[in-house]
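Shown next: model-v1.pdb, given as PDB, C-alpha atoms.
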MODEL        1
ATOM      1  CA  MET A   1     114.964 128.785 101.888
ATOM      2  CA  SER A   2     116.110 132.264 102.900
ATOM      3  CA  ASP A   3     117.992 134.660 100.609
ATOM      4  CA  ALA A   4     121.057 134.195 102.825
ATOM      5  CA  ASP A   5     120.874 130.411 102.365
ATOM      6  CA  SER A   6     120.528 130.824  98.567
ATOM      7  CA  GLU A   7     123.562 133.087  98.442
ATOM      8  CA  HIS A   8     125.499 130.620 100.591
ATOM      9  CA  ASP A   9     124.593 127.712  98.275
ATOM     10  CA  ALA A  10     125.553 129.714  95.179
ATOM     11  CA  PHE A  11     128.873 130.673  96.713
ATOM     12  CA  ASP A  12     129.525 127.060  97.642
ATOM     13  CA  ALA A  13     128.881 125.963  94.041
ATOM     14  CA  TYR A  14     131.299 128.586  92.760
ATOM     15  CA  SER A  15     133.874 127.613  95.372
ATOM     16  CA  ARG A  16     133.572 123.944  94.486
ATOM     17  CA  LEU A  17     134.235 124.688  90.818
ATOM     18  CA  VAL A  18     137.299 126.795  91.579
ATOM     19  CA  SER A  19     138.731 124.382  94.141
ATOM     20  CA  SER A  20     138.189 121.298  91.965
ATOM     21  CA  THR A  21     139.824 123.031  89.011
ATOM     22  CA  ALA A  22     142.765 124.118  91.144
ATOM     23  CA  ARG A  23     143.124 120.620  92.578
ATOM     24  CA  SER A  24     143.260 118.995  89.134
ATOM     25  CA  VAL A  25     145.531 121.546  87.417
ATOM     26  CA  THR A  26     148.002 122.662  90.117
ATOM     27  CA  PRO A  27     150.121 119.444  90.074
ATOM     28  CA  HIS A  28     150.882 120.096  86.393
ATOM     29  CA  VAL A  29     152.125 123.695  86.888
ATOM     30  CA  ALA A  30     155.727 124.486  87.826
ATOM     31  CA  ALA A  31     157.596 127.562  88.959
ATOM     32  CA  VAL A  32     160.580 128.147  86.656
ATOM     33  CA  ARG A  33     163.800 130.052  87.317
ATOM     34  CA  MET A  34     166.446 131.223  84.847
ATOM     35  CA  GLY A  35     169.238 133.295  86.344
ATOM     36  CA  ARG A  36     167.546 136.295  87.943
ATOM     37  CA  GLY A  37     164.263 135.822  86.085
ATOM     38  CA  GLY A  38     161.394 133.439  86.531
ATOM     39  CA  GLY A  39     157.774 132.610  85.921
ATOM     40  CA  SER A  40     155.598 129.559  85.524
ATOM     41  CA  ALA A  41     155.192 126.634  83.105
ATOM     42  CA  VAL A  42     152.631 123.908  82.380
ATOM     43  CA  VAL A  43     153.414 120.250  81.654
ATOM     44  CA  TYR A  44     152.381 119.792  78.019
ATOM     45  CA  ALA A  45     153.509 116.244  77.216
ATOM     46  CA  ASP A  46     154.289 113.192  79.316
ATOM     47  CA  ASP A  47     157.906 113.007  78.098
ATOM     48  CA  GLY A  48     158.916 116.127  80.010
ATOM     49  CA  PHE A  49     157.910 118.993  77.705
ATOM     50  CA  LEU A  50     156.605 122.108  79.458
ATOM     51  CA  LEU A  51     154.882 125.095  77.903
ATOM     52  CA  THR A  52     155.648 128.648  79.056
ATOM     53  CA  ASN A  53     156.044 132.175  77.662
ATOM     54  CA  ALA A  54     158.808 133.248  75.318
ATOM     55  CA  HIS A  55     159.277 136.398  77.393
ATOM     56  CA  VAL A  56     159.725 134.292  80.548
ATOM     57  CA  VAL A  57     162.532 132.292  78.910
ATOM     58  CA  GLY A  58     164.136 135.305  77.212
ATOM     59  CA  HIS A  59     167.605 134.364  75.990
ATOM     60  CA  ALA A  60     168.189 131.662  78.616
ATOM     61  CA  ARG A  61     169.093 128.175  77.488
ATOM     62  CA  ASP A  62     168.349 126.315  80.721
ATOM     63  CA  GLY A  63     166.929 126.680  84.211
ATOM     64  CA  THR A  64     165.187 124.946  87.100
ATOM     65  CA  ALA A  65     161.544 123.917  87.449
ATOM     66  CA  THR A  66     159.895 123.408  90.837
ATOM     67  CA  PHE A  67     156.610 121.495  90.934
ATOM     68  CA  ALA A  68     153.752 121.779  93.404
ATOM     69  CA  ASP A  69     154.978 118.804  95.431
ATOM     70  CA  GLY A  70     158.373 120.456  95.924
ATOM     71  CA  ALA A  71     160.221 118.297  93.379
ATOM     72  CA  GLU A  72     162.868 120.134  91.356
ATOM     73  CA  ALA A  73     164.233 119.355  87.901
ATOM     74  CA  GLU A  74     166.672 121.043  85.563
ATOM     75  CA  PHE A  75     165.370 121.976  82.118
ATOM     76  CA  ASP A  76     166.723 122.922  78.704
ATOM     77  CA  VAL A  77     164.993 125.373  76.388
ATOM     78  CA  VAL A  78     163.717 123.581  73.277
ATOM     79  CA  GLY A  79     162.443 126.616  71.370
ATOM     80  CA  THR A  80     160.658 129.970  71.531
ATOM     81  CA  ASP A  81     158.214 131.888  69.330
ATOM     82  CA  PRO A  82     158.080 135.610  70.212
ATOM     83  CA  LEU A  83     154.993 136.367  68.085
ATOM     84  CA  SER A  84     152.760 133.986  70.041
ATOM     85  CA  ASP A  85     154.841 134.490  73.225
ATOM     86  CA  LEU A  86     155.104 130.715  73.599
ATOM     87  CA  ALA A  87     158.138 128.624  74.499
ATOM     88  CA  VAL A  88     158.793 124.928  75.077
ATOM     89  CA  VAL A  89     161.279 123.606  77.644
ATOM     90  CA  ARG A  90     162.125 120.011  78.570
ATOM     91  CA  VAL A  91     162.870 118.745  82.056
ATOM     92  CA  GLY A  92     164.842 115.657  82.999
ATOM     93  CA  GLY A  93     163.804 112.963  85.440
ATOM     94  CA  GLU A  94     160.167 112.021  85.917
ATOM     95  CA  PRO A  95     157.954 115.121  85.867
ATOM     96  CA  PRO A  96     154.201 115.008  86.541
ATOM     97  CA  GLU A  97     152.003 113.788  83.716
ATOM     98  CA  ALA A  98     150.703 116.324  81.205
ATOM     99  CA  ALA A  99     147.815 118.608  82.018
ATOM    100  CA  ARG A 100     144.590 118.251  80.065
ATOM    101  CA  PHE A 101     144.401 120.874  77.327
ATOM    102  CA  GLY A 102     141.193 122.254  75.865
ATOM    103  CA  ASP A 103     140.216 124.530  72.974
ATOM    104  CA  ALA A 104     140.081 128.269  73.643
ATOM    105  CA  ASP A 105     137.951 128.742  70.523
ATOM    106  CA  ALA A 106     135.052 127.297  72.546
ATOM    107  CA  LEU A 107     135.329 129.979  75.256
ATOM    108  CA  VAL A 108     132.592 132.583  75.663
ATOM    109  CA  VAL A 109     132.697 135.973  77.358
ATOM    110  CA  GLY A 110     131.611 135.667  80.981
ATOM    111  CA  GLN A 111     132.839 132.085  81.381
ATOM    112  CA  LEU A 112     134.603 131.130  84.609
ATOM    113  CA  VAL A 113     138.376 130.684  84.329
ATOM    114  CA  VAL A 114     141.027 129.864  86.917
ATOM    115  CA  ALA A 115     144.638 131.114  86.753
ATOM    116  CA  ILE A 116     147.350 128.998  88.371
ATOM    117  CA  GLY A 117     150.994 130.001  88.571
ATOM    118  CA  SER A 118     153.785 131.351  90.740
ATOM    119  CA  PRO A 119     153.180 135.093  91.240
ATOM    120  CA  LEU A 120     155.980 136.824  93.112
ATOM    121  CA  GLY A 121     157.594 133.407  93.596
ATOM    122  CA  PHE A 122     154.646 131.867  95.476
ATOM    123  CA  ALA A 123     154.203 128.517  93.694
ATOM    124  CA  GLY A 124     150.760 127.010  93.217
ATOM    125  CA  SER A 125     148.868 130.284  93.661
ATOM    126  CA  VAL A 126     145.271 130.279  92.423
ATOM    127  CA  THR A 127     143.013 133.134  91.328
ATOM    128  CA  ALA A 128     139.665 133.027  89.545
ATOM    129  CA  GLY A 129     137.601 135.307  87.348
ATOM    130  CA  VAL A 130     135.784 135.376  84.053
ATOM    131  CA  VAL A 131     136.672 135.725  80.401
ATOM    132  CA  SER A 132     136.340 139.474  79.872
ATOM    133  CA  ALA A 133     136.957 139.551  76.113
ATOM    134  CA  LEU A 134     138.317 137.411  73.282
ATOM    135  CA  GLY A 135     140.446 138.117  70.214
ATOM    136  CA  ARG A 136     142.511 140.912  71.756
ATOM    137  CA  ALA A 137     145.957 141.890  70.466
ATOM    138  CA  LEU A 138     148.776 142.983  72.778
ATOM    139  CA  PRO A 139     151.535 145.371  71.620
ATOM    140  CA  VAL A 140     154.806 144.841  73.475
ATOM    141  CA  ARG A 141     158.323 146.208  73.168
ATOM    142  CA  GLN A 142     161.632 144.503  73.910
ATOM    143  CA  GLY A 143     164.476 147.004  73.710
ATOM    144  CA  ASP A 144     164.156 148.697  70.316
ATOM    145  CA  ALA A 145     162.001 145.919  68.807
ATOM    146  CA  ALA A 146     158.212 146.282  68.753
ATOM    147  CA  ARG A 147     155.936 143.325  68.192
ATOM    148  CA  VAL A 148     152.325 142.282  68.654
ATOM    149  CA  ILE A 149     151.006 139.191  70.433
ATOM    150  CA  GLU A 150     147.817 138.285  68.598
ATOM    151  CA  ASP A 151     144.470 136.826  69.641
ATOM    152  CA  VAL A 152     144.904 136.859  73.422
ATOM    153  CA  ILE A 153     142.235 136.051  76.009
ATOM    154  CA  GLN A 154     141.362 138.894  78.370
ATOM    155  CA  THR A 155     140.405 137.920  81.921
ATOM    156  CA  ASP A 156     139.830 139.670  85.211
ATOM    157  CA  ALA A 157     141.496 136.847  87.176
ATOM    158  CA  ALA A 158     144.181 138.574  89.234
ATOM    159  CA  LEU A 159     147.676 138.115  87.755
ATOM    160  CA  ASN A 160     151.014 139.289  89.101
ATOM    161  CA  PRO A 161     154.665 138.994  88.037
ATOM    162  CA  GLY A 162     155.493 135.297  88.001
ATOM    163  CA  ASN A 163     152.051 134.250  86.736
ATOM    164  CA  SER A 164     153.366 134.491  83.176
ATOM    165  CA  GLY A 165     153.696 131.023  81.681
ATOM    166  CA  GLY A 166     151.139 129.542  84.072
ATOM    167  CA  ALA A 167     147.824 127.902  83.279
ATOM    168  CA  LEU A 168     144.489 129.492  82.527
ATOM    169  CA  ALA A 169     141.949 126.695  82.947
ATOM    170  CA  ASP A 170     138.215 126.315  82.433
ATOM    171  CA  SER A 171     135.901 124.866  85.077
ATOM    172  CA  ALA A 172     136.427 121.349  83.697
ATOM    173  CA  GLY A 173     140.149 121.578  84.519
ATOM    174  CA  ARG A 174     141.259 121.926  80.900
ATOM    175  CA  VAL A 175     144.084 124.371  80.189
ATOM    176  CA  VAL A 176     142.748 126.806  77.598
ATOM    177  CA  GLY A 177     145.429 129.480  77.813
ATOM    178  CA  ILE A 178     148.938 130.350  78.970
ATOM    179  CA  ASN A 179     148.954 133.514  81.066
ATOM    180  CA  THR A 180     151.166 136.042  79.334
ATOM    181  CA  ALA A 181     151.022 139.489  80.897
ATOM    182  CA  VAL A 182     149.462 141.945  83.280
ATOM    183  CA  ALA A 183     148.129 144.809  81.177
ATOM    184  CA  GLY A 184     146.691 146.901  83.988
ATOM    185  CA  ILE A 185     144.660 146.821  87.184
ATOM    186  CA  GLY A 186     142.020 144.108  86.865
ATOM    187  CA  LEU A 187     143.198 143.131  83.398
ATOM    188  CA  GLY A 188     145.047 139.886  82.653
ATOM    189  CA  LEU A 189     145.880 138.326  79.308
ATOM    190  CA  ALA A 190     146.564 134.780  78.157
ATOM    191  CA  VAL A 191     147.689 133.123  74.923
ATOM    192  CA  PRO A 192     144.889 130.789  73.776
ATOM    193  CA  ILE A 193     145.328 127.067  73.239
ATOM    194  CA  ASN A 194     143.682 126.356  69.887
ATOM    195  CA  ALA A 195     144.456 124.903  66.453
ATOM    196  CA  THR A 196     146.753 127.799  65.516
ATOM    197  CA  THR A 197     148.845 127.704  68.685
ATOM    198  CA  ARG A 198     148.984 123.897  68.644
ATOM    199  CA  ARG A 199     150.579 124.182  65.193
ATOM    200  CA  ILE A 200     153.122 126.587  66.687
ATOM    201  CA  ILE A 201     153.818 124.297  69.654
ATOM    202  CA  ASP A 202     154.232 121.232  67.423
ATOM    203  CA  THR A 203     156.730 123.134  65.268
ATOM    204  CA  LEU A 204     158.699 124.202  68.350
ATOM    205  CA  LEU A 205     158.828 120.593  69.545
ATOM    206  CA  VAL A 206     160.284 119.409  66.230
ATOM    207  CA  GLU A 207     162.327 122.364  64.953
ATOM    208  CA  GLY A 208     162.955 124.526  67.998
ATOM    209  CA  ARG A 209     161.671 127.676  66.305
ATOM    210  CA  VAL A 210     158.835 128.948  64.158
ATOM    211  CA  ARG A 211     159.620 131.168  61.224
ATOM    212  CA  ARG A 212     156.871 133.749  61.423
ATOM    213  CA  ALA A 213     155.876 136.580  59.164
ATOM    214  CA  TYR A 214     155.191 139.925  60.822
ATOM    215  CA  LEU A 215     152.781 142.703  59.808
ATOM    216  CA  GLY A 216     152.733 144.956  62.891
ATOM    217  CA  ILE A 217     149.090 145.799  63.508
ATOM    218  CA  VAL A 218     147.037 145.770  66.688
ATOM    219  CA  GLY A 219     143.318 145.284  66.240
ATOM    220  CA  VAL A 220     140.000 144.187  67.691
ATOM    221  CA  PRO A 221     137.119 142.336  66.024
ATOM    222  CA  ALA A 222     134.436 144.661  64.670
ATOM    223  CA  PRO A 223     131.187 144.160  62.705
ATOM    224  CA  LEU A 224     130.986 145.235  59.078
ATOM    225  CA  PRO A 225     128.395 147.795  57.969
ATOM    226  CA  ASP A 226     125.231 146.111  56.702
ATOM    227  CA  ASP A 227     125.777 147.116  53.060
ATOM    228  CA  VAL A 228     129.349 145.787  53.033
ATOM    229  CA  ALA A 229     128.272 142.576  54.779
ATOM    230  CA  ALA A 230     125.573 142.085  52.132
ATOM    231  CA  ARG A 231     128.078 142.592  49.296
ATOM    232  CA  THR A 232     130.843 140.414  50.706
ATOM    233  CA  GLY A 233     128.967 137.798  52.697
ATOM    234  CA  GLN A 234     131.309 138.672  55.583
ATOM    235  CA  THR A 235     129.945 139.900  58.905
ATOM    236  CA  ALA A 236     133.086 141.046  60.752
ATOM    237  CA  GLY A 237     136.654 142.214  60.232
ATOM    238  CA  LEU A 238     139.619 143.370  62.315
ATOM    239  CA  ARG A 239     139.525 147.046  63.313
ATOM    240  CA  VAL A 240     143.074 148.445  63.365
ATOM    241  CA  VAL A 241     143.705 150.382  66.577
ATOM    242  CA  GLU A 242     147.492 150.698  66.277
ATOM    243  CA  VAL A 243     150.087 150.288  63.532
ATOM    244  CA  VAL A 244     153.660 149.613  64.619
ATOM    245  CA  GLY A 245     155.819 152.392  63.185
ATOM    246  CA  GLY A 246     158.197 151.274  60.452
ATOM    247  CA  GLY A 247     156.607 147.819  60.228
ATOM    248  CA  PRO A 248     155.276 146.149  57.063
ATOM    249  CA  ALA A 249     151.708 147.349  57.639
ATOM    250  CA  HIS A 250     152.915 150.916  58.174
ATOM    251  CA  ARG A 251     154.968 150.811  54.978
ATOM    252  CA  ALA A 252     151.962 149.412  53.089
ATOM    253  CA  GLY A 253     149.827 152.373  54.158
ATOM    254  CA  ILE A 254     147.516 150.598  56.595
ATOM    255  CA  LYS A 255     146.167 153.131  59.094
ATOM    256  CA  PRO A 256     144.506 153.090  62.519
ATOM    257  CA  GLY A 257     140.748 152.970  61.966
ATOM    258  CA  ASP A 258     141.007 150.722  58.903
ATOM    259  CA  LEU A 259     138.823 147.620  59.024
ATOM    260  CA  VAL A 260     140.809 144.675  57.652
ATOM    261  CA  LEU A 261     138.590 142.411  55.553
ATOM    262  CA  THR A 262     141.031 140.013  53.885
ATOM    263  CA  VAL A 263     144.683 139.019  54.157
ATOM    264  CA  GLY A 264     146.132 136.968  51.331
ATOM    265  CA  ARG A 265     142.628 136.950  49.760
ATOM    266  CA  GLU A 266     141.320 135.077  52.821
ATOM    267  CA  GLN A 267     138.585 136.692  54.889
ATOM    268  CA  VAL A 268     139.581 137.575  58.454
ATOM    269  CA  ALA A 269     137.315 138.420  61.353
ATOM    270  CA  ASP A 270     139.798 138.613  64.211
ATOM    271  CA  ALA A 271     143.487 138.568  65.092
ATOM    272  CA  GLN A 272     143.649 134.790  64.800
ATOM    273  CA  GLY A 273     142.432 135.043  61.197
ATOM    274  CA  VAL A 274     145.364 137.334  60.412
ATOM    275  CA  GLN A 275     147.826 135.144  62.299
ATOM    276  CA  ARG A 276     146.829 132.083  60.245
ATOM    277  CA  GLN A 277     148.183 133.845  57.154
ATOM    278  CA  LEU A 278     151.524 134.786  58.729
ATOM    279  CA  PHE A 279     153.630 131.637  58.675
ATOM    280  CA  ALA A 280     157.003 131.269  56.957
ATOM    281  CA  GLU A 281     155.765 130.905  53.387
ATOM    282  CA  VAL A 282     154.653 134.565  53.105
ATOM    283  CA  ILE A 283     157.881 136.164  54.396
ATOM    284  CA  GLY A 284     159.137 138.606  51.768
ATOM    285  CA  THR A 285     156.200 138.013  49.415
ATOM    286  CA  ARG A 286     153.667 140.536  48.126
ATOM    287  CA  LEU A 287     150.716 139.909  50.431
ATOM    288  CA  PRO A 288     147.437 141.545  49.380
ATOM    289  CA  VAL A 289     145.390 143.113  52.161
ATOM    290  CA  THR A 290     141.913 144.589  51.692
ATOM    291  CA  VAL A 291     140.673 147.173  54.189
ATOM    292  CA  LEU A 292     137.500 149.192  54.559
ATOM    293  CA  ARG A 293     138.391 152.868  54.894
ATOM    294  CA  GLY A 294     135.857 155.700  54.871
ATOM    295  CA  GLY A 295     133.209 153.411  53.433
ATOM    296  CA  ALA A 296     135.393 152.316  50.510
ATOM    297  CA  MET A 297     137.308 149.082  50.036
ATOM    298  CA  VAL A 298     141.019 149.748  49.588
ATOM    299  CA  ASP A 299     143.562 147.168  48.393
ATOM    300  CA  VAL A 300     147.149 147.475  49.631
ATOM    301  CA  ILE A 301     150.188 145.254  49.230
ATOM    302  CA  ALA A 302     152.255 144.450  52.311
ATOM    303  CA  SER A 303     155.588 142.675  52.362
ATOM    304  CA  PRO A 304     155.758 140.759  55.655
ATOM    305  CA  THR A 305     159.181 140.495  57.273
ATOM    306  CA  GLU A 306     160.416 137.687  59.471
ATOM    307  CA  LEU A 307     159.824 138.176  63.158
ATOM    308  CA  VAL A 308     163.132 138.061  64.988
ATOM    309  CA  GLY A 309     164.164 138.546  68.599
TER     310      GLY A 309
ENDMDL
END
Same coordinates, now as structure tokens:
Amino acid sequence: MSDADSEHDAFDAYSRLVSSTARSVTPHVAAVRMGRGGGSAVVYADDGFLLTNAHVVGHARDGTATFADGAEAEFDVVGTDPLSDLAVVRVGGEPPEAARFGDADALVVGQLVVAIGSPLGFAGSVTAGVVSALGRALPVRQGDAARVIEDVIQTDAALNPGNSGGALADSAGRVVGINTAVAGIGLGLAVPINATTRRIIDTLLVEGRVRRAYLGIVGVPAPLPDDVAARTGQTAGLRVVEVVGGGPAHRAGIKPGDLVLTVGREQVADAQGVQRQLFAEVIGTRLPVTVLRGGAMVDVIASPTELVG
């Protein structure tokens, strides 16, 4: 077999994976419109619940969903959670059955992923790429309010305005993320589907909102020095790259460059580890945080506020 034939066969295998994933996921992805805004959404449950981004919904209470087969349905907003940038809406009529959802915690860097959504209003658009990084945190600003979306998936699958709220799927056709933003050329981000976000989604389905505590740090996973790892039995922490000014972490004295080891006395190794400690029960409490700073362990006390807006 010639080199050209080998390359052709490899490309065909890649194409088959992408096309089969697109074929299985696209019917479960809708374009959504609210007033002048819009984006995408994924059918989450068979009784008409769709999953999208909180920033796509904004302050709207209803809108219209258009599915891949051209069917349209009106929807009502069930609830939003700005910290995870997730929202649930519910359509009337008989929407497509739910997509298959996977577990983003099983993803590895370099794995093939396929993004499906409605960029620039073009419904059912498909792009493909790989997982570029895991455990990222995304600082965003809405008006005067700053917040941080934790634990996002970074991918090089091309995303454009309108992709937000659409599906990020693995090669088995399982939705492992909800595309959330375009951070720059060649850089897309998605909210992972995992145990933490499923807890958020379930709460939105029942209560319409998630009371969330807010610290205001942006970080990336980082290994601990060998001597600290030997003392603590912990191999990684969250390296702080940005502290939101005026937020609870800033007031507690947490600084860029700090390596967060524990939050609420629980070891953390990534943004998701921090997020697990930031549900309603810690709002307004004295939350101990241990950081590694200049080779020394420093204990600070933060008082998380409730995330609003």
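Distances from A:Ala60, A:Ala133, A:Val175, A:Val113 to Ala98 of chain A were compared using only C-alpha atoms, and the smallest one belongs to A:Val175.
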Students should find that atom CA of Leu307 of chain A and atom CA of Ala271 of chain A are spaced 16.5 Å
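Of note, atom CA of Ile178 of chain A and atom CA of Leu259 of chain A are spaced 28.3 Å apart.
Within 10 Å of the point (135.1, 149.3, 53.2), and counting all atoms listed in the file, the protein, DNA and RNA residues are Leu224, Pro225, Asp227, Val228, Ala229, Asp258, Leu259, Val260, Leu261, Thr290, Val291, Leu292, Arg293, Gly294, Gly295, Ala296, Met297, Val298 and Asp299 of chain A.
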For Tyr44 of chain A, which residue out of A:Ala190, A:Val308, A:Ile201, A:Val282 is the nearest one, using only C-alpha atoms?
A:Ile201
Counting all atoms listed in the file, the option among A:Gln154, A:Gly162, A:Tyr214, A:Ser125 closest to Gly37 of chain A:
A:Gly162
As a check of understanding, name the residues that the PyMOL selection byres ((chain A and resi 303) around 7) selects in the supplied structure, as an mmCIF file with C-alpha atoms, in the frame of the given file.
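Writing done, so here's part.cif:
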data_model
loop_
_atom_site.group_PDB
_atom_site.id
_atom_site.type_symbol
_atom_site.label_atom_id
_atom_site.label_comp_id
_atom_site.auth_asym_id
_atom_site.auth_seq_id
_atom_site.Cartn_x
_atom_site.Cartn_y
_atom_site.Cartn_z
ATOM 1 C CA PRO A 248 155.276 146.149 57.063
ATOM 2 C CA GLY A 284 159.137 138.606 51.768
ATOM 3 C CA THR A 285 156.200 138.013 49.415
ATOM 4 C CA ARG A 286 153.667 140.536 48.126
ATOM 5 C CA LEU A 287 150.716 139.909 50.431
ATOM 6 C CA ILE A 301 150.188 145.254 49.230
ATOM 7 C CA ALA A 302 152.255 144.450 52.311
ATOM 8 C CA PRO A 304 155.758 140.759 55.655
ATOM 9 C CA THR A 305 159.181 140.495 57.273
#
Translate the PyMOL selection byres ((chain A and resi 246) around 12), as applied to the file shown, into an explicit residue set as a PyMOL selection string.
chain A and resi 144-147+214-217+243-245+247-254+304-305
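Using all atoms listed in the file, the nearest neighbour of Leu51 of chain A within the list A:Asn160, A:Thr26, A:Thr127, A:Asn179 is A:Asn179.
Residues in contact with Thr66 of chain A at 8 Å, where all atoms listed in the file are counted and same-chain residues fewer than 3 positions away are skipped, are listed as Ala30, Ala31, Val32, Gly70, Ala71, Glu72 and Ala73 of chain A.
Distances from A:Leu238, A:Gln272, A:His59, A:Arg36 to Ile153 of chain A were compared using only C-alpha atoms, and the smallest one belongs to A:Gln272.
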Residue with smallest distance to Ser171 of chain A - pool A:Val220, A:Ile149, A:Leu50, A:Arg23, counting all atoms listed in the file
A:Arg23
Selection near Val91 of chain A, 6 Å with all atoms listed in the file, sequence-local residues under 3 positions removed, as a VMD selection string
chain A and resid 48 74 to 75
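Put simply, atom CA of Ala157 of chain A is 16.9 Å away from atom CA of Val29 of chain A.
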Run the PyMOL selection byres ((chain A and resi 52) around 9) mentally over the shown coordinates, then write out the matched residues as a VMD selection string, using the chain letters and numbers from the document.
chain A and resid 39 to 42 50 to 51 53 to 57 85 to 89 164 to 167 178 to 180
Using only C-alpha atoms, which protein or nucleic acid residues come within 10 Å of Gly173 of chain A? Drop anything in the same chain fewer than 3 positions from it, and give the result as a ChimeraX atom specification.
/A:17-18,20-26,99-102,113-114,168-170,176
Report, as lines of an AutoDock Vina configuration file, the centre and edge lengths in Å (one decimal) of the axis-aligned box enclosing every listed atom of segment 122-133 of chain A, padded by 8 Å on each side.
center_x = 145.2
center_y = 133.3
center_z = 85.8
size_x = 34.9
size_y = 28.5
size_z = 35.4
With a distance cut-off of 10 Å and all atoms listed in the file, select the neighbouring residues of Asp156 of chain A, excluding the residue or stretch itself and same-chain residues fewer than 6 positions from it, and output the selection as a short mmCIF file (atom, residue, chain, number, x, y, z; two decimals) with C-alpha atoms, in the coordinates of the input.
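Saved as result.cif:
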data_model
loop_
_atom_site.label_atom_id
_atom_site.label_comp_id
_atom_site.auth_asym_id
_atom_site.auth_seq_id
_atom_site.Cartn_x
_atom_site.Cartn_y
_atom_site.Cartn_z
CA VAL A 113 138.38 130.68 84.33
CA ALA A 115 144.64 131.11 86.75
CA THR A 127 143.01 133.13 91.33
CA ALA A 128 139.66 133.03 89.54
CA GLY A 129 137.60 135.31 87.35
CA VAL A 130 135.78 135.38 84.05
CA VAL A 131 136.67 135.72 80.40
CA SER A 132 136.34 139.47 79.87
CA ALA A 133 136.96 139.55 76.11
CA ILE A 185 144.66 146.82 87.18
CA GLY A 186 142.02 144.11 86.86
CA LEU A 187 143.20 143.13 83.40
CA GLY A 188 145.05 139.89 82.65
CA LEU A 189 145.88 138.33 79.31
#
Find the spatial neighbours of Val274 of chain A, counting all atoms listed in the file, within a cut-off of 9 Å - ignore same-chain residues fewer than 3 positions away - and output them as a PDB file with C-alpha atoms, keeping the file's coordinate frame.
ATOM      1  CA  GLU A 150     147.817 138.285  68.598  1.00  0.00           C
ATOM      2  CA  LEU A 238     139.619 143.370  62.315  1.00  0.00           C
ATOM      3  CA  THR A 262     141.031 140.013  53.885  1.00  0.00           C
ATOM      4  CA  VAL A 263     144.683 139.019  54.157  1.00  0.00           C
ATOM      5  CA  GLU A 266     141.320 135.077  52.821  1.00  0.00           C
ATOM      6  CA  GLN A 267     138.585 136.692  54.889  1.00  0.00           C
ATOM      7  CA  VAL A 268     139.581 137.575  58.454  1.00  0.00           C
ATOM      8  CA  ALA A 269     137.315 138.420  61.353  1.00  0.00           C
ATOM      9  CA  ASP A 270     139.798 138.613  64.211  1.00  0.00           C
ATOM     10  CA  ALA A 271     143.487 138.568  65.092  1.00  0.00           C
ATOM     11  CA  GLN A 277     148.183 133.845  57.154  1.00  0.00           C
ATOM     12  CA  LEU A 278     151.524 134.786  58.729  1.00  0.00           C
TER      13      LEU A 278
END
